[in-house]
Amino acid sequence: MKTIPSLDTKGLSFHPVIHLPDDYEVYDLTGEYDPLRIPALPYGIGKYNEQRKGVYTQDLFSGVRDIHVGIDIGCPIGTQVHAFFDGEIFLFGNNPAPGDYGYTLITKHTLNSVPVWALHGHLSEASISEKVRGSKIRAGQVIAWVGDRHENGGWNPHLHFQLSLVEPEKADLPGVVSSADREWALKIYPDPQLVLGLKKI
């Protein structure tokens with residue numbers, strides 16, 4: 001495997017991917033999971049590098065992938081998703097399997113000379129309509145909307161936001177990995193907090 005660069009965001013400023021209120025829930029998905037749980041607040045955060053036993057029961061995860069390598073932002077259906085930095089549309093598509101991302105958009109950015117790709121998963125169908133690969137985007141631009149259960153893989157409405165230091169070959173990235181793959185995955189998919197800057201997590 002080629003050398004993976006480190007991601008340095010020193011001196012850069014970023015636009016929120018989703019505008020969060022001051023009061024939002026931080027989810028703990030390390031214990032018993034209830035897929036029908038009603039969130040305590042309209043907005044919430046699901047953590048990076050969290051082992052979520054019992055969450056990923058669909059065939060897609062083969063019963064072994066449960067380490068979350070993105071950050072989830074729980075929010076109402078239709079919430080606007082913004083570009084966190086200047087960049088371009090890289091890939092988009094639909095991952096329709098139960099438990100998958102549903103409609104997915106990947107953007108490409110350059111942060112202090114390092115190329116980085118950002119996956120936005122669990123979107124609405126309208127989010128990929130009329131997208132053109134290579135089209136430029138500006139920080140703060142609305143690039144997508146959060147999807148409903150019927151189009152987002154069957155999940156409570158939220159955005160899965162994930163960074164990658166390796167160029168994706170398709171509009172997909174493993175959002176959860178096995179314990180055996182955890183070490184390399186955390187190098188390839190760095191903590192989204194580097195660009196999200198959430199107040200509490």
# chains A, B, ... in the order shown; residues from 1 in each chain; ligands from 1
$ select_by_dssp --residues "segment 21-186 of chain A" --states "strand (DSSP E)" --output "PyMOL selection string"
chain A and resi 25-26+44-46+50-51+65-68+71-74+80-82+87-95+102-111+114-123+136-137+142-145+158-164+176-178
$ residues_around --residues "segment 38-50 of chain A" --least-positions-apart "2" --cutoff "9 Å" --atoms "only C-alpha atoms" --output "PyMOL selection string"
chain A and resi 20-21+23-30+35-36+52+66-76+156+158+160+176+182+186+191-193+200-201
$ closest_residue --among "A:Thr3, A:Ser127, A:Ser164, A:Ser179" --to "Gly102 of chain A" --atoms "only C-alpha atoms"
A:Ser127
$ closest_residue --among "A:Tyr189, A:Leu159, A:Phe92, A:Ala97" --to "Leu123 of chain A" --atoms "only C-alpha atoms"
A:Leu159
$ closest_residue --among "A:Lys199, A:Lys131, A:Lys53, A:Arg65" --to "Gly175 of chain A" --atoms "only C-alpha atoms"
A:Arg65
$ residues_around --residues "Asp8 of chain A" --least-positions-apart "6" --cutoff "9 Å" --atoms "only C-alpha atoms" --output "list in words"
Leu111, Asn112, Val114 and Leu194 of chain A
$ closest_residue --among "A:Trp155, A:Trp145, A:Tyr103, A:Tyr56" --to "Ala83 of chain A" --atoms "only C-alpha atoms"
A:Trp145
$ residues_around --residues "Asp172 of chain A" --least-positions-apart "3" --cutoff "10 Å" --atoms "only C-alpha atoms" --output "PyMOL selection string"
chain A and resi 91-95+100-106+119-121+168-169+175
$ write_last_selection --atoms "N, CA and C atoms" --output "PDB file, in the first residue's frame"
ATOM      1  N   LEU A  91     -17.824  12.109  -7.134  1.00  0.00           N
ATOM      2  CA  LEU A  91     -18.636  10.957  -7.507  1.00  0.00           C
ATOM      3  C   LEU A  91     -19.992  11.049  -6.813  1.00  0.00           C
ATOM      4  N   PHE A  92     -20.982  10.388  -7.392  1.00  0.00           N
ATOM      5  CA  PHE A  92     -22.302  10.347  -6.768  1.00  0.00           C
ATOM      6  C   PHE A  92     -23.035   9.124  -7.284  1.00  0.00           C
ATOM      7  N   GLY A  93     -23.972   8.630  -6.489  1.00  0.00           N
ATOM      8  CA  GLY A  93     -24.717   7.451  -6.889  1.00  0.00           C
ATOM      9  C   GLY A  93     -25.638   6.987  -5.790  1.00  0.00           C
ATOM     10  N   ASN A  94     -26.164   5.784  -5.960  1.00  0.00           N
ATOM     11  CA  ASN A  94     -27.092   5.210  -4.990  1.00  0.00           C
ATOM     12  C   ASN A  94     -26.555   3.856  -4.534  1.00  0.00           C
ATOM     13  N   ASN A  95     -26.459   3.688  -3.229  1.00  0.00           N
ATOM     14  CA  ASN A  95     -26.081   2.415  -2.610  1.00  0.00           C
ATOM     15  C   ASN A  95     -27.319   1.900  -1.882  1.00  0.00           C
ATOM     16  N   ASP A 100     -27.197   0.331   3.907  1.00  0.00           N
ATOM     17  CA  ASP A 100     -26.170   1.074   3.173  1.00  0.00           C
ATOM     18  C   ASP A 100     -26.483   2.577   3.219  1.00  0.00           C
ATOM     19  N   TYR A 101     -25.774   3.354   2.396  1.00  0.00           N
ATOM     20  CA  TYR A 101     -25.905   4.810   2.426  1.00  0.00           C
ATOM     21  C   TYR A 101     -27.123   5.348   1.688  1.00  0.00           C
ATOM     22  N   GLY A 102     -27.726   4.544   0.809  1.00  0.00           N
ATOM     23  CA  GLY A 102     -28.702   5.138  -0.083  1.00  0.00           C
ATOM     24  C   GLY A 102     -27.987   6.122  -1.000  1.00  0.00           C
ATOM     25  N   TYR A 103     -28.598   7.265  -1.235  1.00  0.00           N
ATOM     26  CA  TYR A 103     -28.013   8.262  -2.137  1.00  0.00           C
ATOM     27  C   TYR A 103     -26.774   8.878  -1.485  1.00  0.00           C
ATOM     28  N   THR A 104     -25.709   8.948  -2.282  1.00  0.00           N
ATOM     29  CA  THR A 104     -24.377   9.258  -1.766  1.00  0.00           C
ATOM     30  C   THR A 104     -23.666  10.247  -2.681  1.00  0.00           C
ATOM     31  N   LEU A 105     -22.967  11.194  -2.071  1.00  0.00           N
ATOM     32  CA  LEU A 105     -22.195  12.185  -2.808  1.00  0.00           C
ATOM     33  C   LEU A 105     -20.786  12.244  -2.222  1.00  0.00           C
ATOM     34  N   ILE A 106     -19.788  12.214  -3.090  1.00  0.00           N
ATOM     35  CA  ILE A 106     -18.397  12.381  -2.663  1.00  0.00           C
ATOM     36  C   ILE A 106     -17.838  13.636  -3.331  1.00  0.00           C
ATOM     37  N   LEU A 119     -17.140  11.932   1.903  1.00  0.00           N
ATOM     38  CA  LEU A 119     -18.370  11.205   1.573  1.00  0.00           C
ATOM     39  C   LEU A 119     -19.516  11.751   2.397  1.00  0.00           C
ATOM     40  N   HIS A 120     -20.633  11.992   1.724  1.00  0.00           N
ATOM     41  CA  HIS A 120     -21.873  12.426   2.360  1.00  0.00           C
ATOM     42  C   HIS A 120     -22.911  11.341   2.062  1.00  0.00           C
ATOM     43  N   GLY A 121     -23.310  10.595   3.081  1.00  0.00           N
ATOM     44  CA  GLY A 121     -24.216   9.482   2.869  1.00  0.00           C
ATOM     45  C   GLY A 121     -25.566   9.666   3.533  1.00  0.00           C
ATOM     46  N   PRO A 168     -11.506   7.371  -3.771  1.00  0.00           N
ATOM     47  CA  PRO A 168     -12.521   6.326  -3.949  1.00  0.00           C
ATOM     48  C   PRO A 168     -12.678   5.951  -5.420  1.00  0.00           C
ATOM     49  N   GLU A 169     -12.931   4.687  -5.652  1.00  0.00           N
ATOM     50  CA  GLU A 169     -13.130   4.212  -7.022  1.00  0.00           C
ATOM     51  C   GLU A 169     -14.592   4.266  -7.441  1.00  0.00           C
ATOM     52  N   GLY A 175     -18.147   2.616   5.709  1.00  0.00           N
ATOM     53  CA  GLY A 175     -18.424   3.508   6.839  1.00  0.00           C
ATOM     54  C   GLY A 175     -18.186   2.855   8.175  1.00  0.00           C
TER      55      GLY A 175
END
$ closest_residue --among "A:Gly78, A:His15, A:Pro190, A:Phe161" --to "Arg149 of chain A" --atoms "only C-alpha atoms"
A:Gly78
$ closest_residue --among "A:Ile18, A:Val142, A:Leu165, A:Val55" --to "Gly31 of chain A" --atoms "only C-alpha atoms"
A:Val55
$ atom_distance --atom1 "atom CA of Leu198 of chain A" --atom2 "atom CA of Pro16 of chain A"
8.8 Å
$ select_by_dssp --residues "segment 57-186 of chain A" --states "alpha helix (DSSP H)" --output "ChimeraX atom specification"
/A:182-186
$ atom_distance --atom1 "atom CA of Pro157 of chain A" --atom2 "atom CA of Ile77 of chain A"
5.8 Å
